[in-house]
Structures are given as C-alpha cells and as structure tokens.
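Pasted below: work_11.csv, CSV, C-alpha atoms.
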```csv
chain,number,residue,atom,x,y,z
A,2,MET,CA,-18.2,-21.9,-14.5
A,3,ARG,CA,-17.6,-22.6,-10.8
A,4,LYS,CA,-20.0,-22.3,-7.9
A,5,PHE,CA,-18.5,-21.6,-4.5
A,6,THR,CA,-20.2,-21.8,-1.1
A,7,ALA,CA,-19.0,-21.3,2.4
A,8,ASP,CA,-20.3,-20.5,5.9
A,9,TYR,CA,-20.4,-16.8,4.8
A,10,ILE,CA,-19.7,-14.8,1.7
A,11,PHE,CA,-18.4,-11.3,2.5
A,12,PRO,CA,-19.1,-9.2,-0.6
A,13,VAL,CA,-17.8,-6.1,1.3
A,14,ALA,CA,-19.9,-3.6,-0.7
A,15,SER,CA,-23.1,-5.3,0.7
A,16,HIS,CA,-24.0,-7.3,3.8
A,17,PRO,CA,-22.5,-10.8,4.4
A,18,ILE,CA,-24.5,-13.7,3.1
A,19,ARG,CA,-24.8,-16.7,5.5
A,20,LYS,CA,-24.4,-20.0,3.6
A,21,GLY,CA,-24.0,-17.9,0.5
A,22,VAL,CA,-23.0,-18.9,-3.1
A,23,VAL,CA,-20.9,-17.0,-5.5
A,24,ILE,CA,-20.8,-18.1,-9.2
A,25,VAL,CA,-17.9,-17.1,-11.4
A,26,ASP,CA,-17.0,-17.9,-15.0
A,27,ASP,CA,-13.7,-19.4,-16.3
A,28,GLN,CA,-12.1,-15.9,-16.2
A,29,GLY,CA,-13.1,-15.3,-12.6
A,30,LYS,CA,-15.9,-12.8,-13.4
A,31,VAL,CA,-18.7,-12.9,-10.9
A,32,LEU,CA,-21.9,-14.0,-12.6
A,33,ALA,CA,-24.3,-14.2,-9.6
A,34,LEU,CA,-24.6,-14.2,-5.8
A,35,GLY,CA,-27.2,-16.4,-4.0
A,36,GLN,CA,-28.1,-18.7,-1.2
A,37,ARG,CA,-27.0,-22.3,-0.9
A,38,GLU,CA,-30.6,-23.6,-0.6
A,39,ASP,CA,-31.3,-22.5,-4.1
A,40,TYR,CA,-28.7,-24.8,-5.7
A,41,ASP,CA,-28.1,-28.5,-6.2
A,42,PRO,CA,-25.5,-29.4,-3.5
A,43,ALA,CA,-23.7,-31.6,-6.0
A,44,SER,CA,-23.0,-28.5,-8.2
A,45,LEU,CA,-21.3,-26.6,-5.4
A,46,GLU,CA,-17.7,-26.4,-4.2
A,47,THR,CA,-18.4,-26.3,-0.4
A,48,TYR,CA,-15.9,-24.9,2.1
A,49,THR,CA,-15.8,-24.3,5.8
A,50,GLY,CA,-14.9,-20.6,6.6
A,51,ILE,CA,-15.6,-17.4,4.8
A,52,ILE,CA,-15.1,-16.2,1.3
A,53,VAL,CA,-13.8,-12.7,0.7
A,54,PRO,CA,-12.6,-10.7,-2.2
A,55,GLY,CA,-8.9,-10.7,-3.3
A,56,PHE,CA,-6.7,-8.5,-1.2
A,57,ILE,CA,-5.2,-5.1,-2.3
A,58,ASN,CA,-1.7,-4.2,-1.1
A,59,THR,CA,-1.5,-0.5,-1.5
A,60,HIS,CA,2.1,0.0,-0.5
A,61,CYS,CA,5.1,-2.2,-1.4
A,62,HIS,CA,8.7,-1.9,-2.5
A,63,LEU,CA,9.0,-5.0,-4.6
A,64,GLU,CA,12.4,-4.0,-6.0
A,65,LEU,CA,13.9,-4.3,-2.4
A,66,SER,CA,12.9,-7.9,-2.0
A,67,HIS,CA,16.6,-9.1,-2.2
A,68,MET,CA,17.3,-7.2,1.1
A,69,LYS,CA,15.1,-9.5,3.2
A,70,GLY,CA,16.6,-9.7,6.7
A,71,MET,CA,19.5,-7.3,6.0
A,72,ALA,CA,18.2,-4.3,8.0
A,73,PRO,CA,18.1,-4.8,11.8
A,74,THR,CA,14.7,-4.3,13.5
A,75,GLY,CA,13.9,-1.5,15.9
A,76,THR,CA,16.6,1.0,14.8
A,77,GLY,CA,14.2,3.9,13.9
A,78,LEU,CA,13.6,5.3,10.5
A,79,LEU,CA,16.8,7.3,9.9
A,80,PRO,CA,19.3,4.4,10.5
A,81,PHE,CA,16.9,2.2,8.4
A,82,LEU,CA,17.0,4.6,5.5
A,83,LYS,CA,20.8,4.8,5.6
A,84,THR,CA,21.0,1.0,5.5
A,85,VAL,CA,18.8,0.9,2.4
A,86,VAL,CA,20.6,3.8,0.6
A,87,ASN,CA,24.0,2.4,1.3
A,88,PHE,CA,23.3,-1.3,0.4
A,89,ARG,CA,25.4,-2.5,-2.5
A,90,ASP,CA,27.0,-5.6,-4.0
A,91,ILE,CA,24.3,-8.0,-5.1
A,92,SER,CA,23.9,-9.4,-8.6
A,93,MET,CA,21.0,-8.6,-10.9
A,94,GLU,CA,20.3,-12.3,-11.1
A,95,GLU,CA,19.7,-12.4,-7.4
A,96,ILE,CA,17.6,-9.3,-7.5
A,97,GLN,CA,15.4,-10.6,-10.2
A,98,ASP,CA,15.0,-14.0,-8.5
A,99,ALA,CA,13.9,-12.3,-5.2
A,100,ILE,CA,11.4,-10.1,-7.1
A,101,GLU,CA,9.9,-13.1,-8.8
A,102,LYS,CA,9.6,-15.0,-5.5
A,103,ALA,CA,8.0,-12.0,-3.7
A,104,ASP,CA,5.5,-11.5,-6.5
A,105,ARG,CA,4.6,-15.2,-6.3
A,106,GLU,CA,4.3,-15.0,-2.5
A,107,MET,CA,1.8,-12.1,-2.8
A,108,TYR,CA,-0.2,-14.0,-5.4
A,109,GLU,CA,-0.4,-17.1,-3.4
A,110,GLY,CA,-1.4,-15.0,-0.4
A,111,GLY,CA,-4.5,-13.8,-2.1
A,112,ILE,CA,-3.3,-10.4,-3.3
A,113,VAL,CA,-4.8,-9.3,-6.6
A,114,ALA,CA,-3.4,-5.8,-6.9
A,115,VAL,CA,-0.3,-3.9,-5.6
A,116,GLY,CA,0.6,-0.2,-5.3
A,117,ASP,CA,4.4,-0.6,-5.8
A,118,ILE,CA,7.1,2.0,-5.3
A,119,SER,CA,9.8,1.9,-7.9
A,120,ASN,CA,13.1,3.8,-8.1
A,121,LYS,CA,14.5,1.6,-10.9
A,122,LEU,CA,13.3,-0.6,-13.7
A,123,ASP,CA,14.2,-3.9,-11.9
A,124,THR,CA,10.5,-4.9,-11.5
A,125,ALA,CA,9.2,-3.9,-14.9
A,126,ALA,CA,9.6,-7.3,-16.6
A,127,GLN,CA,8.0,-9.2,-13.7
A,128,LYS,CA,5.0,-6.9,-13.7
A,129,GLU,CA,4.5,-7.6,-17.4
A,130,LYS,CA,4.0,-11.3,-16.8
A,131,SER,CA,2.5,-11.3,-13.3
A,132,PRO,CA,-1.2,-12.2,-12.7
A,133,ILE,CA,-1.3,-9.3,-10.2
A,134,HIS,CA,-2.4,-5.9,-11.2
A,135,TYR,CA,0.3,-3.3,-10.4
A,136,TYR,CA,0.0,0.4,-10.0
A,137,THR,CA,3.7,1.5,-10.2
A,138,PHE,CA,4.6,4.7,-8.3
A,139,VAL,CA,7.8,6.0,-9.8
A,140,GLU,CA,9.2,7.7,-6.7
A,141,MET,CA,11.3,10.8,-7.1
A,142,PHE,CA,13.5,12.7,-4.6
A,143,ASP,CA,16.2,15.4,-4.8
A,144,PHE,CA,16.9,15.7,-1.0
A,145,MET,CA,15.4,19.3,-1.3
A,146,GLN,CA,18.4,20.3,-3.4
A,147,GLU,CA,17.0,22.3,-6.3
A,148,THR,CA,20.4,22.3,-8.0
A,149,MET,CA,19.7,18.5,-8.5
A,150,THR,CA,16.1,18.8,-9.6
A,151,GLU,CA,16.4,18.6,-13.4
A,152,GLN,CA,19.0,15.8,-13.3
A,153,VAL,CA,16.9,13.8,-10.9
A,154,PHE,CA,13.7,14.4,-12.8
A,155,GLY,CA,15.3,13.2,-16.0
A,156,GLN,CA,16.7,10.1,-14.4
A,157,TYR,CA,13.3,9.1,-12.9
A,158,LYS,CA,11.4,10.1,-16.1
A,159,ALA,CA,13.3,7.3,-17.9
A,160,VAL,CA,12.3,4.9,-15.1
A,161,TYR,CA,8.6,6.0,-15.6
A,162,ASP,CA,8.7,5.6,-19.3
A,163,GLY,CA,10.0,2.0,-18.9
A,164,GLN,CA,7.3,0.8,-16.4
A,165,SER,CA,4.5,-1.5,-17.4
A,166,SER,CA,1.2,0.1,-18.3
A,167,THR,CA,-0.3,-3.0,-20.1
A,168,HIS,CA,-2.2,-6.0,-18.8
A,169,GLY,CA,-4.3,-3.8,-16.5
A,170,ASN,CA,-1.2,-2.1,-15.0
A,171,ARG,CA,-1.0,1.6,-14.3
A,172,LYS,CA,1.7,4.1,-13.3
A,173,SER,CA,2.3,7.6,-12.0
A,174,CYS,CA,5.1,9.8,-10.8
A,175,VAL,CA,5.2,10.4,-7.1
A,176,PRO,CA,7.2,12.3,-4.4
A,177,HIS,CA,9.1,10.1,-1.9
A,178,ALA,CA,8.3,12.1,1.2
A,179,PRO,CA,8.0,15.8,2.3
A,180,TYR,CA,11.5,15.9,3.6
A,181,THR,CA,13.2,14.7,0.4
A,182,VAL,CA,11.3,16.7,-2.3
A,183,SER,CA,11.9,20.3,-3.2
A,184,PRO,CA,9.1,22.6,-4.4
A,185,GLY,CA,10.6,22.5,-7.9
A,186,LEU,CA,10.5,18.7,-8.1
A,187,PHE,CA,7.0,18.7,-6.7
A,188,GLN,CA,6.0,21.0,-9.7
A,189,ARG,CA,7.6,18.6,-12.2
A,190,ILE,CA,5.9,15.6,-10.7
A,191,ASN,CA,2.5,17.3,-10.6
A,192,ALA,CA,2.8,18.2,-14.3
A,193,MET,CA,3.5,14.6,-15.2
A,194,ASN,CA,0.3,13.0,-13.8
A,195,GLU,CA,-2.9,12.9,-15.8
A,196,ALA,CA,-6.4,13.3,-14.4
A,197,GLY,CA,-7.5,10.2,-12.5
A,198,ALA,CA,-4.0,9.3,-11.3
A,199,THR,CA,-3.1,8.2,-7.8
A,200,VAL,CA,-0.2,9.9,-6.1
A,201,SER,CA,1.5,8.2,-3.1
A,202,ILE,CA,3.8,9.9,-0.5
A,203,HIS,CA,5.4,8.6,2.7
A,204,ASN,CA,4.0,10.6,5.5
A,205,GLN,CA,4.9,11.3,9.2
A,206,GLU,CA,6.6,8.0,9.8
A,207,THR,CA,8.8,9.3,12.6
A,208,ALA,CA,8.8,12.2,15.1
A,209,HIS,CA,12.0,13.5,13.5
A,210,GLU,CA,10.0,14.4,10.4
A,211,ASP,CA,7.6,16.8,12.0
A,212,GLU,CA,10.4,18.2,14.1
A,213,PHE,CA,12.4,19.0,11.0
A,214,PHE,CA,9.6,21.0,9.5
A,215,ARG,CA,8.5,22.7,12.8
A,216,THR,CA,12.0,23.7,14.0
A,217,GLY,CA,14.6,22.9,11.4
A,218,LYS,CA,16.3,20.7,14.0
A,219,GLY,CA,16.6,17.1,14.9
A,220,GLY,CA,17.7,13.9,13.3
A,221,PHE,CA,17.0,14.8,9.7
A,222,MET,CA,19.6,17.6,9.8
A,223,ASP,CA,22.3,15.1,10.7
A,224,PHE,CA,20.8,12.7,8.1
A,225,PHE,CA,21.2,15.2,5.3
A,226,ARG,CA,24.7,16.2,6.4
A,227,SER,CA,25.8,12.6,6.4
A,228,PHE,CA,25.2,12.5,2.6
A,229,GLY,CA,27.0,15.8,2.1
A,230,PHE,CA,23.9,18.0,1.6
A,231,SER,CA,23.7,21.5,2.9
A,232,MET,CA,20.4,22.6,4.4
A,233,ASP,CA,21.3,26.2,4.9
A,234,HIS,CA,18.6,27.2,2.5
A,235,PHE,CA,15.9,25.4,4.4
A,236,ARG,CA,13.4,27.4,6.4
A,237,PRO,CA,11.2,25.5,8.8
A,238,THR,CA,7.4,26.0,8.3
A,239,GLY,CA,6.4,25.8,12.0
A,240,GLN,CA,3.9,23.1,11.1
A,241,ALA,CA,3.9,19.3,10.8
A,242,SER,CA,5.4,17.9,7.6
A,243,ILE,CA,2.0,17.0,6.0
A,244,TYR,CA,1.1,20.7,5.6
A,245,TYR,CA,4.2,21.2,3.4
A,246,ALA,CA,3.0,18.3,1.3
A,247,LEU,CA,-0.5,19.6,1.0
A,248,GLN,CA,0.8,23.0,-0.2
A,249,GLN,CA,2.9,21.3,-2.9
A,250,MET,CA,0.6,18.5,-4.2
A,251,GLY,CA,-2.5,18.7,-6.4
A,252,PRO,CA,-5.9,18.0,-4.6
A,253,SER,CA,-7.5,16.8,-7.9
A,254,HIS,CA,-5.6,13.5,-7.8
A,255,ARG,CA,-6.3,10.6,-5.5
A,256,THR,CA,-3.7,10.9,-2.8
A,257,LEU,CA,-2.4,8.0,-0.7
A,258,PHE,CA,-0.6,9.0,2.4
A,259,VAL,CA,1.6,6.1,3.6
A,260,HIS,CA,2.5,5.0,7.2
A,261,ASN,CA,1.1,8.0,9.1
A,262,THR,CA,2.5,6.8,12.4
A,263,MET,CA,2.6,10.3,13.9
A,264,THR,CA,-0.5,11.7,12.2
A,265,THR,CA,-2.9,13.6,14.5
A,266,PRO,CA,-6.7,14.2,14.2
A,267,ALA,CA,-5.9,17.8,13.1
A,268,ASP,CA,-3.6,16.5,10.4
A,269,ILE,CA,-6.3,14.1,9.1
A,270,GLN,CA,-8.9,16.8,9.1
A,271,ALA,CA,-6.6,19.2,7.3
A,272,ALA,CA,-5.9,16.7,4.5
A,273,GLN,CA,-9.5,15.7,4.1
A,274,THR,CA,-10.5,19.3,3.9
A,275,TRP,CA,-7.8,19.8,1.2
A,276,SER,CA,-9.2,17.0,-0.9
A,277,ASP,CA,-12.1,14.5,-1.0
A,278,LYS,CA,-9.8,12.0,-2.7
A,279,VAL,CA,-7.5,11.2,0.3
A,280,TYR,CA,-6.6,7.7,1.4
A,281,TRP,CA,-4.4,6.5,4.2
A,282,ALA,CA,-2.2,3.4,3.9
A,283,THR,CA,-1.1,1.6,7.0
A,284,CYS,CA,1.8,-0.9,7.1
A,285,ALA,CA,1.6,-2.2,10.6
A,286,ASN,CA,4.3,-4.8,10.5
A,287,ALA,CA,6.8,-2.4,8.9
A,288,ASN,CA,6.0,0.3,11.5
A,289,LEU,CA,6.8,-2.3,14.2
A,290,TYR,CA,9.9,-3.5,12.4
A,291,ILE,CA,11.4,0.0,12.0
A,292,GLU,CA,10.0,2.2,14.8
A,293,ASN,CA,8.3,-0.3,17.1
A,294,ARG,CA,5.1,1.7,17.1
A,295,LEU,CA,1.8,1.9,15.4
A,296,PRO,CA,-0.5,4.7,14.3
A,297,HIS,CA,-3.4,5.7,16.5
A,298,TYR,CA,-6.1,4.0,14.3
A,299,ASN,CA,-8.9,5.5,16.4
A,300,TYR,CA,-7.9,8.9,15.0
A,301,PHE,CA,-8.6,7.7,11.5
A,302,ILE,CA,-11.8,5.8,12.3
A,303,ASP,CA,-13.2,8.8,14.3
A,304,ASN,CA,-12.6,11.0,11.3
A,305,ASN,CA,-14.1,8.6,8.7
A,306,ALA,CA,-10.8,8.3,7.0
A,307,ARG,CA,-10.5,5.8,4.1
A,308,MET,CA,-7.8,3.4,5.3
A,309,THR,CA,-6.0,0.9,3.2
A,310,ILE,CA,-3.4,-1.7,4.0
A,311,GLY,CA,0.2,-2.1,2.7
A,312,THR,CA,3.1,-4.4,3.4
A,313,ASP,CA,6.0,-2.2,2.7
A,314,SER,CA,9.1,-4.2,1.6
A,315,LEU,CA,10.9,-7.4,2.6
A,316,THR,CA,13.6,-5.0,3.9
A,317,SER,CA,11.1,-3.9,6.6
A,318,ASN,CA,8.8,-6.8,7.0
A,319,TRP,CA,8.9,-10.5,7.6
A,320,GLN,CA,6.6,-11.3,4.7
A,321,LEU,CA,4.4,-9.6,2.1
A,322,SER,CA,0.9,-10.6,3.3
A,323,VAL,CA,-2.1,-8.4,3.7
A,324,LEU,CA,-3.7,-11.1,6.0
A,325,GLU,CA,-0.7,-10.8,8.3
A,326,GLU,CA,-1.1,-7.1,8.4
A,327,MET,CA,-4.8,-7.5,9.4
A,328,LYS,CA,-3.8,-10.0,12.1
A,329,THR,CA,-1.2,-7.6,13.5
A,330,ILE,CA,-3.7,-4.7,13.7
A,331,ALA,CA,-6.3,-6.9,15.2
A,332,ARG,CA,-3.8,-8.2,17.9
A,333,TYR,CA,-2.7,-4.7,18.9
A,334,GLN,CA,-5.9,-2.7,18.3
A,335,SER,CA,-8.6,-5.2,19.1
A,336,TYR,CA,-11.4,-2.6,19.0
A,337,ILE,CA,-11.2,-2.6,15.2
A,338,HIS,CA,-13.9,-5.0,13.9
A,339,PHE,CA,-13.1,-7.6,11.2
A,340,ASP,CA,-15.5,-6.1,8.7
A,341,THR,CA,-13.7,-2.8,9.0
A,342,LEU,CA,-10.3,-4.4,8.5
A,343,LEU,CA,-11.6,-6.3,5.5
A,344,ARG,CA,-12.8,-3.2,3.8
A,345,TRP,CA,-9.4,-1.6,4.4
A,346,ALA,CA,-7.8,-4.7,2.8
A,347,THR,CA,-10.1,-4.8,-0.2
A,348,LEU,CA,-12.5,-2.2,-1.5
A,349,ASN,CA,-10.8,0.9,0.0
A,350,GLY,CA,-7.5,-0.2,-1.5
A,351,ALA,CA,-9.1,-0.9,-4.9
A,352,GLU,CA,-10.6,2.6,-4.9
A,353,ALA,CA,-7.3,4.2,-3.8
A,354,LEU,CA,-5.5,2.6,-6.8
A,355,GLY,CA,-8.4,3.2,-9.2
A,356,PHE,CA,-9.1,-0.5,-9.7
A,357,GLU,CA,-12.6,-0.5,-8.1
A,358,GLU,CA,-14.4,-1.2,-11.3
A,359,GLU,CA,-12.9,-4.7,-11.4
A,360,LEU,CA,-11.5,-5.4,-7.9
A,361,GLY,CA,-12.2,-4.9,-4.3
A,362,SER,CA,-15.7,-6.4,-3.8
A,363,ILE,CA,-17.7,-9.5,-4.8
A,364,GLU,CA,-20.2,-7.9,-7.2
A,365,VAL,CA,-21.7,-9.1,-10.5
A,366,GLY,CA,-19.5,-8.1,-13.4
A,367,LYS,CA,-16.3,-7.7,-11.3
A,368,ARG,CA,-13.3,-10.1,-11.3
A,369,PRO,CA,-12.1,-9.5,-7.7
A,370,GLY,CA,-10.5,-12.8,-7.0
A,371,LEU,CA,-11.8,-15.0,-4.2
A,372,ASN,CA,-10.0,-15.9,-1.0
A,373,LEU,CA,-11.1,-18.4,1.7
A,374,LEU,CA,-10.3,-17.6,5.3
A,375,ASN,CA,-10.6,-20.3,8.0
A,376,LEU,CA,-12.7,-18.2,10.3
A,377,ASP,CA,-15.8,-19.2,12.3
A,378,GLU,CA,-18.8,-17.0,13.1
A,379,GLY,CA,-16.8,-15.2,15.8
A,380,LEU,CA,-14.7,-13.7,13.0
A,381,LYS,CA,-11.6,-13.4,15.2
A,382,LEU,CA,-8.3,-13.2,13.5
A,383,THR,CA,-5.7,-15.3,15.2
A,384,ALA,CA,-2.2,-16.6,14.6
A,385,GLU,CA,-3.8,-19.7,13.1
A,386,THR,CA,-5.9,-17.8,10.5
A,387,ARG,CA,-4.9,-18.8,7.0
A,388,VAL,CA,-5.8,-17.7,3.5
A,389,ARG,CA,-6.4,-20.0,0.6
A,390,ARG,CA,-6.8,-18.5,-2.9
A,391,LEU,CA,-9.8,-20.0,-4.7
A,392,VAL,CA,-9.8,-17.8,-7.8
```

Could you take the file, read its structure, and then write that structure out as structure tokens?
Amino acid sequence: MRKFTADYIFPVASHPIRKGVVIVDDQGKVLALGQREDYDPASLETYTGIIVPGFINTHCHLELSHMKGMAPTGTGLLPFLKTVVNFRDISMEEIQDAIEKADREMYEGGIVAVGDISNKLDTAAQKEKSPIHYYTFVEMFDFMQETMTEQVFGQYKAVYDGQSSTHGNRKSCVPHAPYTVSPGLFQRINAMNEAGATVSIHNQETAHEDEFFRTGKGGFMDFFRSFGFSMDHFRPTGQASIYYALQQMGPSHRTLFVHNTMTTPADIQAAQTWSDKVYWATCANANLYIENRLPHYNYFIDNNARMTIGTDSLTSNWQLSVLEEMKTIARYQSYIHFDTLLRWATLNGAEALGFEEELGSIEVGKRPGLNLLNLDEGLKLTAETRVRRLV
C-alpha cells in the first residue's frame, strides 16, 4: 500500500482536492481519497505539484515508429501519405526495436492506454508484453476500388485475427478514411465489429478531402492516379467527406473521428445527431508537422463535443507524449483551461476506448495510474512542465 499526497489531486471525475491524499494498493488500485491533515505525515509520500490520472493516447501508429524523422515537415497530407506508402528497405529487427522503444517512451511518459492503428502484425508481440492497455484498430482500405474489396478484406482479416486481445487489450476493424474505403468494404467492416466496439476513422485532415467529395476534383484525384487507380466510377456527393462516412458507418458503435482539422460546427452537429457515441481525437503536433494548422477547438467546445488526445506516429511527430500535445494546444489556443485539457487527456479518452471502468479518473476501485506534473496553483502548462509516473 502507498499513500501519495501533493499540492493538489485532480481526480477528473470530481473536483480537485487541495493537499489531497490518494491511497493505492500494490497493484495500483485506488483504495481511498482524502485530505493530508487526516494522515500521519510520516506515512505519506509527499510531492510538490499535482497528481493526475494516467494519460490515454487515443490515436497512434506504433508500427511506423521506425520512420522517425524520415518524412519532411510542412508538406501537406498528400505528399506525406506518399512518403509513408512508398517507404521500404528496413529490417524487421530495426522495426521491432523501434516499436519497443516507442512503447517504453509512452509508458515512461505516463500513458496507460493507447488506441493504436495497425495495418500489419508488427506490433502484436510488443502489445502482449507491454504494461500499457492497447485498443488495436486494424485499419482497412481499398482505395474505393471494389474490385479489390474481397482481397483486401481477407488480407486485413488475417491481421485482425493475429492482434492481441488478452492482458486487457481489445481490437476492432476500422476504415482508414472516407476517401480510401468503398461502400462494400465499409459493409464488411461493420459486420466484423461486435456491440460495444470502438471504430476509428481519419477525418477531414486536409482541405483536399472535402473538395474531393464535394466536386470530384482536387489533389486526391492526382493522388489516386499516381497509384494507378481509376476514379471514373466515383460520383461526388456535394457534401463534406464526413457525411459519406456517416452514411456508411454504424451509429451503435463508439466512433472516434481523428484529426478533424477542417471540421466545421455543422459537421460536428451532424455527427452528434447521427450518434450519441461520438468522440473526436486531436493530434495537435501531427497537424502542425504535416499541414502546419490546427483544428478550431472552439467549434468543438461550443458544441459540447467529447474531445480526446492522440499523438499520431513518430513519422508525423517529434515524440509520443500526451503531455506535449496538451502543451501545444495550450500554447496555441490559450483560452482552453487546464482542467478541460486534462479531461481530454484522461477520462474522455478512456471512455472513447471503452476502458473507463478501470482507467481515466482517480476513483476508488479503479487502477488509473498516477502521474505527477510539476505545476503550481496557476496550472499553466509551459515548456518546462514535466510528467513523472508515480504508479
């Protein structure tokens, strides 16, 4: 049993506790919350700063960790995607070493659960032995070529079957993005997922995406042609890309829309009318790395959207740190309060991944992990803010 106290405990699901105490057993389960004055000081581990729950990273591509620094910054999404798709010539030993190091980096950075995109089985072994909970999203795409649908589905079904679903891990089949998934593949994906699953989809990351669906023109047409795909069959919908996704996906699943850089208030309202299980993942540093822009967070806050935080991959980010994502958002969008960012980084993420019974908030009976942040009462995130994992 350990008793931690700090200037503040931030349970997230309830009000902060000044000079609070949190007691956990040897497995990290929360046994009690209280006030410092009620305990013998000699029995307490006393820290300066605030104690918060472990972080939830709702969007990562762990299998791309070996590509750190290999994609130039600021190119825009389409050149970035071509870099990722065309990258070759690296040994499996190097890939596995990079995956293990990235997993350890996240753990040491206070991350307790990850929503991870997988196109291959490269991360499966690490997830079996990692102390982090993983929700693996086996991502499928057929470039909207229904002649490829059955072959592609069979290929990714084998990846799904081989993913970890023990040690608290979960998995589901998911579409990559509206512009890469045909109606037929959407149907196969929907049929695979059971009740209670979370489905993730990349959404409105670039202006080219909405232009493709509205007019059938723009950069995505050249993108498809560069890979030899004919889009003669494609008929633009006249609407933003998210509306095509809403028509194809099932509203009964928790749905995690990722990036949302170009998403408008009307898009948010449409999605939240479509389902009451919608979550929105933001990956601020990746958005800056690739497109040099951020979402309009006020659109989401004004519409009571349930925001979560992701890191994307080391191909599109300088590190895999939820704290660094929070710091970036706070630097560029300073109107967002710390307690709001903390909820995005913890409880909202746990709910989006279906891990809320154990993770996301400091409550009796949960095992959320405990992080110490060196913040004072001003709760201002700065470049000097650090995280120390306590549990």

Show me as a ChimeraX atom specification the residues that reach within 6 Å of (-6.3, -2.5, -10.7), counting all atoms listed in the file and using the file's own coordinates. /A:114,134,356

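Those residues positioned at most 12 Å from (-15.6, -1.9, -11.6) are A:Ala14, A:Lys30, A:Val31, A:Leu348, A:Ala351, A:Glu352, A:Gly355, A:Phe356, A:Glu357, A:Glu358, A:Glu359, A:Leu360, A:Gly361, A:Ser362, A:Ile363, A:Glu364, A:Val365, A:Gly366, A:Lys367, A:Arg368, A:Pro369, judged using all atoms listed in the file.
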
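Across the structure, CA of Arg3 (chain A) and CA of Leu321 (chain A) are spaced 28.6 Å apart.
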
Give me, as a VMD selection string, all polymer residues having an atom no more than 9 Å from Phe225 (chain A), counting all atoms listed in the file and skipping those fewer than 6 positions away in the same chain. chain A and resid 144 231 to 232

Could you produce a table of the residues of region 42-122 of chain A lying within 9 Å of region 295-310 of chain A, with the nearest pair of atoms per residue and their separation in Å rounded to one decimal, using only C-alpha atoms, ordered by chain and increasing residue number, as JSON lines?
```
{"residue": "A:Ile57", "atom": "CA", "partner": "A:Ile310", "partner_atom": "CA", "distance": 7.4}
{"residue": "A:Asn58", "atom": "CA", "partner": "A:Ile310", "partner_atom": "CA", "distance": 5.9}
{"residue": "A:Thr59", "atom": "CA", "partner": "A:Ile310", "partner_atom": "CA", "distance": 5.9}
{"residue": "A:His60", "atom": "CA", "partner": "A:Ile310", "partner_atom": "CA", "distance": 7.3}
```

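Proximity of A:Thr238, A:Asn318, A:Gln152, A:Ser131 to Gly75 (chain A), computed with only C-alpha atoms, is greatest for A:Asn318.
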